[in-house]
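Trainee: Pasting in a structure now, in structure tokens, and then I'll have a few things to ask.
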Amino acid sequence: MRAGKRNELANSVVLAALLAGCLPAHAGWFNKNQPVPDWGMQAYKTKTPDYARDSAAVILYDEYVETIDGNGRAVEREREAIRILKPQGRENTCAVSYDDSEKVNYFRAWTIAADEKQYQAQDTDFVEHGDTEIPIMLSTRKTKVVHSPAVDVGATLICESEEQMRPYMQEMTWHVQEGIPVVFQALEVDLPPGRPHAESWHRHDPVKAVEVAPNHWRWEIHDTPALNLRDIPSAPAWPALAARMSVQWGQAAIDGRDNQWRAIGQWVTDLEANRPDPSPEITARVSQLIAGAPDFYTRLQRITESIQNDIRYFIVERGIGGYQANHAADIFRNRYGDCKDKATLLISMLQVAGIKANYMAVDDERGVVDPESPSIYGNHMIAAIELPADLNDARLHAVAKASDGKRYLIFDPTNEHTPVGNLPYYEQGSFGILAAGSASQILQLPVLSPETNDTVRTGSFTLAADGTLTGAVDSSHSGPNGADLRWIIKHTDEKERREYWETHIAHDLPGVVLNSFQFVQASALNKPLEFHYKLTAGQYAHSAGPLLLVRPRVLGSFAMPFDDKPRSFPIDLSATGHWHDSYDIVLPEGFVVDETPDPIDLDVEFASYKSSITAKENKLHYERDFVVRQVEIPALKAEAFRKLQSTILMDEKGTAVLKKAGTAGL
């Protein structure tokens, strides 16, 4: 495995190739003084294709062979050759990731330098890293990374490894697209006689497998371009766009996508069976929480907020613990757990309250779980709460309907700041695996209406003749907008908050000083969070002879990055929502408004933007309203997106002209 590839659910955070705190290598993994193998020499002879010459590095050869035993356990061999083309390409190296349920049989590496000298990596060239990238995590997973000698521009790194994989995982995700080009790659799956397999492709045309031996299948792909999103504005998440293939040889190795999703959901259901069983302590706590609750929503709110407030997010992973939750009784007693633990305790507590809920496996980046590509690939667990057929509550927005007509409220108990009934913006519109036994299925998470993510901001300012602006701002935030602010409040102290907001506001008001600020948040998450602050900004207005030029839009920017290049990828709008600004600026004594920008009223289906500037007596009034109705739009709407963003940008930069009363303007 090349360092930098994305792993699966149990290890979704990938280690960088050069972390500090290395551990000694294991003896027996490395065979000293072996020549470069024949396959490596053949890969080395591959010419660097013209399409790769601007890349930092290129993968010349990458081959996986999965050998499956009678119990479904795989032994994986990988052979890889990487050529370094630029100095920054040296960070591309080879790595093997494993935990205590896996075994690395061997890991070897060689370098053929630019001058054709050959070097073999020795024990001291291999370093081992723990899963230290997440500070709130204890994990047995480790990654072995090789830093082979003489890896410089023009060198070719050749690696070979063999690993006995996890016994409970009967699926392999083949990442066929990387951040650098791949000249040739192949996957072989060698199955026992009669054992079936199923494959699915994500953002890649299916490649027909060749049966190279009885029930031994091989796929080959040539000339895969790099996926580089650095210069593509407003792009979806990288893993959502990168091509991959998943191959199943377990219970999901059956015909039909729906059947495969059902089998995967059944696997999750079986894996978590009895984990949510409530203990007497859980039963007593739920009885206390819901006592006197007048309706379904109140019972739900009290239980969900209890988990959000009382159960600390912390990950402890060992072997199958990367997939399987702890028992609800242990989670409740220890007062901590990861995403699947929080979902487990929620399901348990709701069960006591007479409310049925199921696990839902998702990814925390929209577009990664693909309904056309059945797989366990993902990194997060949430809950789907079954709603009574006759319940209609306007406070429950995040509702999805299953194929059998049942309605589920989708809720993420790991997000401590989003109230039940709402849904984090990054999960809206994505897909999840509803783990409901024989009723398991792939289900699209809802995209909520703009009113569920609302920000209203008002400002009253006074402008001095020297251009200094002083004033007060009051804002109200609900939904995901409010959740983001609650997160900042929880994880920062007052000094950090002041520095953060002064830096944030300085994008619009350089040199701004916060004279005071205050957050007001209700204890209930479904109530808006308020933010009040006073500020002073020098040189806000600029002189142009006898005139003053002032920007009516004092604070806040809704413009998203865009360009004029042809577009092939979807455009990620991040979140639906409604944002409203209203600002009054008292003019300096003796000045009146001479000119203002024209009003704007634009609707492009997926969003709308309105603004107006008026003058009355000694005040300049600015008002605008921005509504986003979708979280992602197809590339064919790029022109409308550009029109929207350029309109917003023009409005935000618009300038009003002030003149002395009784004088001629421009």
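Letters A, B, ... go to the chains of the structure tokens in the order shown; residues in each chain start at 1; ligands are counted from 1 in the same order.
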Determine, for each residue of region 390-492 of chain A having at least one atom at most 8 Å from an atom of region 256-274 of chain A, the closest pair of atoms and their separation in Å to one decimal, counting only C-alpha atoms; order by chain and ascending number, as a Markdown table.
Mentor:
```
| residue | atom | partner | partner_atom | distance |
| --- | --- | --- | --- | --- |
| A:Ile433 | CA | A:Gly265 | CA | 6.2 |
| A:Leu434 | CA | A:Gly265 | CA | 6.3 |
| A:Ala435 | CA | A:Gly265 | CA | 4.2 |
| A:Ala436 | CA | A:Thr269 | CA | 6.4 |
| A:Gly437 | CA | A:Gln266 | CA | 4.7 |
| A:Ser438 | CA | A:Gln266 | CA | 6.4 |
| A:Ala439 | CA | A:Arg262 | CA | 6.9 |
| A:Ser440 | CA | A:Arg262 | CA | 4.6 |
| A:Gln441 | CA | A:Arg262 | CA | 5.1 |
| A:Ile442 | CA | A:Trp261 | CA | 6.1 |
```
Trainee: For Pro225 (chain A), list every protein, DNA or RNA residue within 10 Å, evaluated using only C-alpha atoms, and leave out those in the same chain fewer than 2 positions away; present the list as a list in words.
Mentor: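 Counting only C-alpha atoms, the residues come to Tyr51, Ala52, Val58, Val176, Gln177, Glu178, Gly179, Ile180, Pro181, Val182, Val183, His222, Asp223, Leu227 and Asn228 of chain A.
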Trainee: Put those residues in a file: C-alpha atoms, as a JSON list (two decimals), in the first residue's frame.
Mentor:
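result28.json, written as the output of this step:
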```json
[["chain", "number", "residue", "atom", "x", "y", "z"],
["A", 51, "TYR", "CA", 0.80, 12.54, -19.36],
["A", 52, "ALA", "CA", 2.72, 12.04, -16.09],
["A", 58, "VAL", "CA", 4.01, 8.20, -11.00],
["A", 176, "VAL", "CA", -7.78, 2.51, -8.60],
["A", 177, "GLN", "CA", -7.23, 6.27, -8.56],
["A", 178, "GLU", "CA", -4.67, 8.23, -6.59],
["A", 179, "GLY", "CA", -3.28, 11.73, -6.34],
["A", 180, "ILE", "CA", -0.62, 10.73, -8.89],
["A", 181, "PRO", "CA", -1.04, 8.83, -12.19],
["A", 182, "VAL", "CA", -0.98, 5.03, -12.35],
["A", 183, "VAL", "CA", 0.42, 3.43, -15.51],
["A", 222, "HIS", "CA", -4.03, 0.94, -17.73],
["A", 223, "ASP", "CA", -3.23, 4.66, -17.61],
["A", 227, "LEU", "CA", -7.24, 12.99, -9.24],
["A", 228, "ASN", "CA", -6.09, 16.46, -8.24]]
```
Trainee: Neighbours of Met169 (chain A) within 9 Å (only C-alpha atoms; same-chain residues fewer than 2 positions away dropped), as a ChimeraX atom specification?
Mentor: /A:72-74,165-167,171-172,250
Trainee: Using only C-alpha atoms, please write the residues we just selected to a file, as a PDB file, in the first residue's frame.
Mentor:
```pdb
ATOM      1  CA  GLY A  72     -13.140 -16.536   3.757  1.00  0.00           C
ATOM      2  CA  ARG A  73      -9.945 -15.072   5.219  1.00  0.00           C
ATOM      3  CA  ALA A  74      -7.637 -13.325   2.786  1.00  0.00           C
ATOM      4  CA  MET A 165      -5.940  -9.861   6.642  1.00  0.00           C
ATOM      5  CA  ARG A 166      -8.700  -9.547   9.221  1.00  0.00           C
ATOM      6  CA  PRO A 167     -10.675 -12.795   9.552  1.00  0.00           C
ATOM      7  CA  GLU A 171     -14.467  -7.539   1.198  1.00  0.00           C
ATOM      8  CA  MET A 172     -11.610  -5.714  -0.483  1.00  0.00           C
ATOM      9  CA  GLY A 250     -18.797 -13.232   1.849  1.00  0.00           C
TER      10      GLY A 250
END
```
Trainee: Any idea what's packed within 8 Å of Asp277 (chain A), counting only C-alpha atoms, ignoring anything in its chain fewer than 3 positions away? Could you give it as a ChimeraX atom specification?
Mentor: /A:274,327-329,348
Trainee: If you keep N, CA and C atoms, can you produce a file of those selected residues as a compact mmCIF listing (two decimals), in the first residue's frame?
Mentor:
```txt
# COMPACT_ATOMS: atom_id res chain seq x y z
N ASN A 274 -27.53 -7.79 20.15
CA ASN A 274 -27.51 -7.79 21.63
C ASN A 274 -26.64 -6.69 22.22
N HIS A 327 -20.84 -3.08 24.49
CA HIS A 327 -22.18 -3.29 25.02
C HIS A 327 -22.70 -1.99 25.64
N ALA A 328 -23.99 -1.76 25.49
CA ALA A 328 -24.59 -0.53 25.98
C ALA A 328 -24.33 -0.32 27.46
N ALA A 329 -24.38 -1.39 28.25
CA ALA A 329 -24.15 -1.27 29.69
C ALA A 329 -22.76 -0.73 29.98
N SER A 348 -30.37 1.60 22.66
CA SER A 348 -30.74 0.96 23.92
C SER A 348 -31.71 1.81 24.72
```
Trainee: Please provide the set of residues having any atom within 12 Å of Tyr500 (chain A), restricted to only C-alpha atoms, with same-chain residues fewer than 6 positions apart removed, written as a list of chain:residue names.
Mentor: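 Contacts, in chain order: A:Leu485, A:Ile488, A:Ile489, A:His491, A:Thr492, A:Asp493, A:Glu494, A:Ala506, A:His507, A:Val513, A:Leu514, A:Phe517.
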Trainee: When DSSP is applied to the backbone of this structure, which of region 33-70 of chain A are assigned helix (DSSP H, G or I)? Write them out as a ChimeraX atom specification.
Mentor: /A:38-44,50-52
Trainee: Between CA of Thr93 (chain A) and CA of Asn105 (chain A), measure the distance and give it in Å to one decimal.
Mentor: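 CA of Thr93 (chain A) sits 19.2 Å away from CA of Asn105 (chain A).
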Trainee: So the first atom is CA of Arg108 (chain A) and the second is CA of Lys86 (chain A); what is the distance between them in Å, to one decimal place?
Mentor: 23.8 Å
Trainee: Can you tell me which residues surround Arg285 (chain A) at a distance of at most 10 Å, considering only C-alpha atoms, apart from same-chain residues fewer than 2 positions away, and format the answer as an mmCIF file with C-alpha atoms, in the first residue's frame?
Mentor:
```cif
data_model
loop_
_atom_site.group_PDB
_atom_site.id
_atom_site.type_symbol
_atom_site.label_atom_id
_atom_site.label_comp_id
_atom_site.auth_asym_id
_atom_site.auth_seq_id
_atom_site.Cartn_x
_atom_site.Cartn_y
_atom_site.Cartn_z
ATOM 1 C CA SER A 279 -29.087 -2.792 31.680
ATOM 2 C CA PRO A 280 -31.074 -2.027 34.851
ATOM 3 C CA GLU A 281 -29.059 1.194 35.187
ATOM 4 C CA ILE A 282 -29.993 2.274 31.653
ATOM 5 C CA THR A 283 -33.641 1.428 32.292
ATOM 6 C CA SER A 287 -37.424 6.198 33.238
ATOM 7 C CA GLN A 288 -36.102 9.243 35.062
ATOM 8 C CA LEU A 289 -35.532 11.178 31.835
ATOM 9 C CA ILE A 290 -38.933 10.627 30.240
ATOM 10 C CA ILE A 303 -32.822 10.976 25.600
ATOM 11 C CA SER A 306 -28.581 13.104 27.529
ATOM 12 C CA PHE A 332 -23.294 3.863 29.941
ATOM 13 C CA MET A 349 -32.250 3.974 25.683
ATOM 14 C CA VAL A 352 -36.588 1.370 27.029
#
```
Trainee: Env of Ala43 (chain A): 7 Å cut, atoms = only C-alpha atoms, seq-sep filter 2 positions within chain, self excluded. Answer as a list in words.
Mentor: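 Contacts, in chain order: Trp39, Gly40, Met41, Lys45, Thr46, Leu60, Tyr61 and Ala81 of chain A.
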Trainee: Please produce an output containing N, CA and C atoms for each residue in the selection, written as an mmCIF file, in the first residue's frame.
Mentor:
```cif
data_model
loop_
_atom_site.group_PDB
_atom_site.id
_atom_site.type_symbol
_atom_site.label_atom_id
_atom_site.label_comp_id
_atom_site.auth_asym_id
_atom_site.auth_seq_id
_atom_site.Cartn_x
_atom_site.Cartn_y
_atom_site.Cartn_z
ATOM 1 N N TRP A 39 9.918 -9.019 -11.396
ATOM 2 C CA TRP A 39 8.765 -8.159 -11.692
ATOM 3 C C TRP A 39 9.127 -6.688 -11.483
ATOM 4 N N GLY A 40 9.971 -6.416 -10.465
ATOM 5 C CA GLY A 40 10.403 -5.048 -10.190
ATOM 6 C C GLY A 40 11.276 -4.502 -11.300
ATOM 7 N N MET A 41 12.151 -5.334 -11.846
ATOM 8 C CA MET A 41 12.995 -4.892 -12.948
ATOM 9 C C MET A 41 12.156 -4.593 -14.188
ATOM 10 N N LYS A 45 11.589 -0.778 -16.087
ATOM 11 C CA LYS A 45 11.833 -0.507 -17.496
ATOM 12 C C LYS A 45 10.683 0.269 -18.164
ATOM 13 N N THR A 46 9.582 0.434 -17.437
ATOM 14 C CA THR A 46 8.448 1.189 -17.985
ATOM 15 C C THR A 46 8.841 2.647 -18.182
ATOM 16 N N LEU A 60 4.214 3.186 -11.542
ATOM 17 C CA LEU A 60 4.435 2.423 -12.769
ATOM 18 C C LEU A 60 3.690 1.096 -12.747
ATOM 19 N N TYR A 61 3.578 0.522 -11.555
ATOM 20 C CA TYR A 61 3.029 -0.834 -11.444
ATOM 21 C C TYR A 61 2.455 -0.995 -10.041
ATOM 22 N N ALA A 81 5.609 -0.284 -7.810
ATOM 23 C CA ALA A 81 6.789 0.462 -8.260
ATOM 24 C C ALA A 81 6.391 1.912 -8.483
#
```
Trainee: Against region 554-569 of chain A, which residues of region 584-633 of chain A fall within 10 Å? For each one I want the closest pair of atoms and the distance in Å (one decimal), counting only C-alpha atoms, rows by chain and increasing residue number, as a Markdown table.
Mentor:
```
| residue | atom | partner | partner_atom | distance |
| --- | --- | --- | --- | --- |
| A:Asp584 | CA | A:Val554 | CA | 9.4 |
| A:Ile585 | CA | A:Val554 | CA | 9.1 |
| A:Tyr609 | CA | A:Phe558 | CA | 9.8 |
| A:Tyr622 | CA | A:Val554 | CA | 8.8 |
| A:Phe626 | CA | A:Phe558 | CA | 7.9 |
| A:Ile633 | CA | A:Phe569 | CA | 9.4 |
```
Trainee: Could you take the residues named above and write them with C-alpha atoms, as a PDB file, in the first residue's frame?
Mentor:
```pdb
ATOM      1  CA  ASP A 584     -27.808  50.665   9.200  1.00  0.00           C
ATOM      2  CA  ILE A 585     -24.961  53.163   8.931  1.00  0.00           C
ATOM      3  CA  TYR A 609     -29.961  36.219  -3.713  1.00  0.00           C
ATOM      4  CA  TYR A 622     -28.383  47.703   3.437  1.00  0.00           C
ATOM      5  CA  PHE A 626     -29.522  34.543   0.622  1.00  0.00           C
ATOM      6  CA  ILE A 633     -25.527  20.579  -8.174  1.00  0.00           C
TER       7      ILE A 633
END
```
Trainee: Using only C-alpha atoms, which residue out of A:Glu317, A:Glu116, A:Ile84, A:Ser373 lies closest to His204 (chain A)?
Mentor: A:Ser373
Trainee: Quick one: DSSP strand (DSSP E) residues in region 299-512 of chain A, as a PyMOL selection string?
Mentor: chain A and resi 312-313+315-317+336-337+357-362+380-386+399-401+407-411+431-435+441-444+454-463+469-478
Trainee: Which residue out of A:Val96, A:Ala615, A:Ala389, A:Val627 has the minimum interatomic distance to Asp603 (chain A) when only C-alpha atoms are used?
Mentor: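 Ranked by minimum distance to Asp603 (chain A), first place goes to A:Val627.
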Trainee: For Gln248 (chain A), which residue out of A:Arg333, A:Arg275, A:Lys406, A:Arg195 is the nearest one, using only C-alpha atoms?
Mentor: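 Among the listed residues, the smallest separation from Gln248 (chain A) belongs to A:Arg195.
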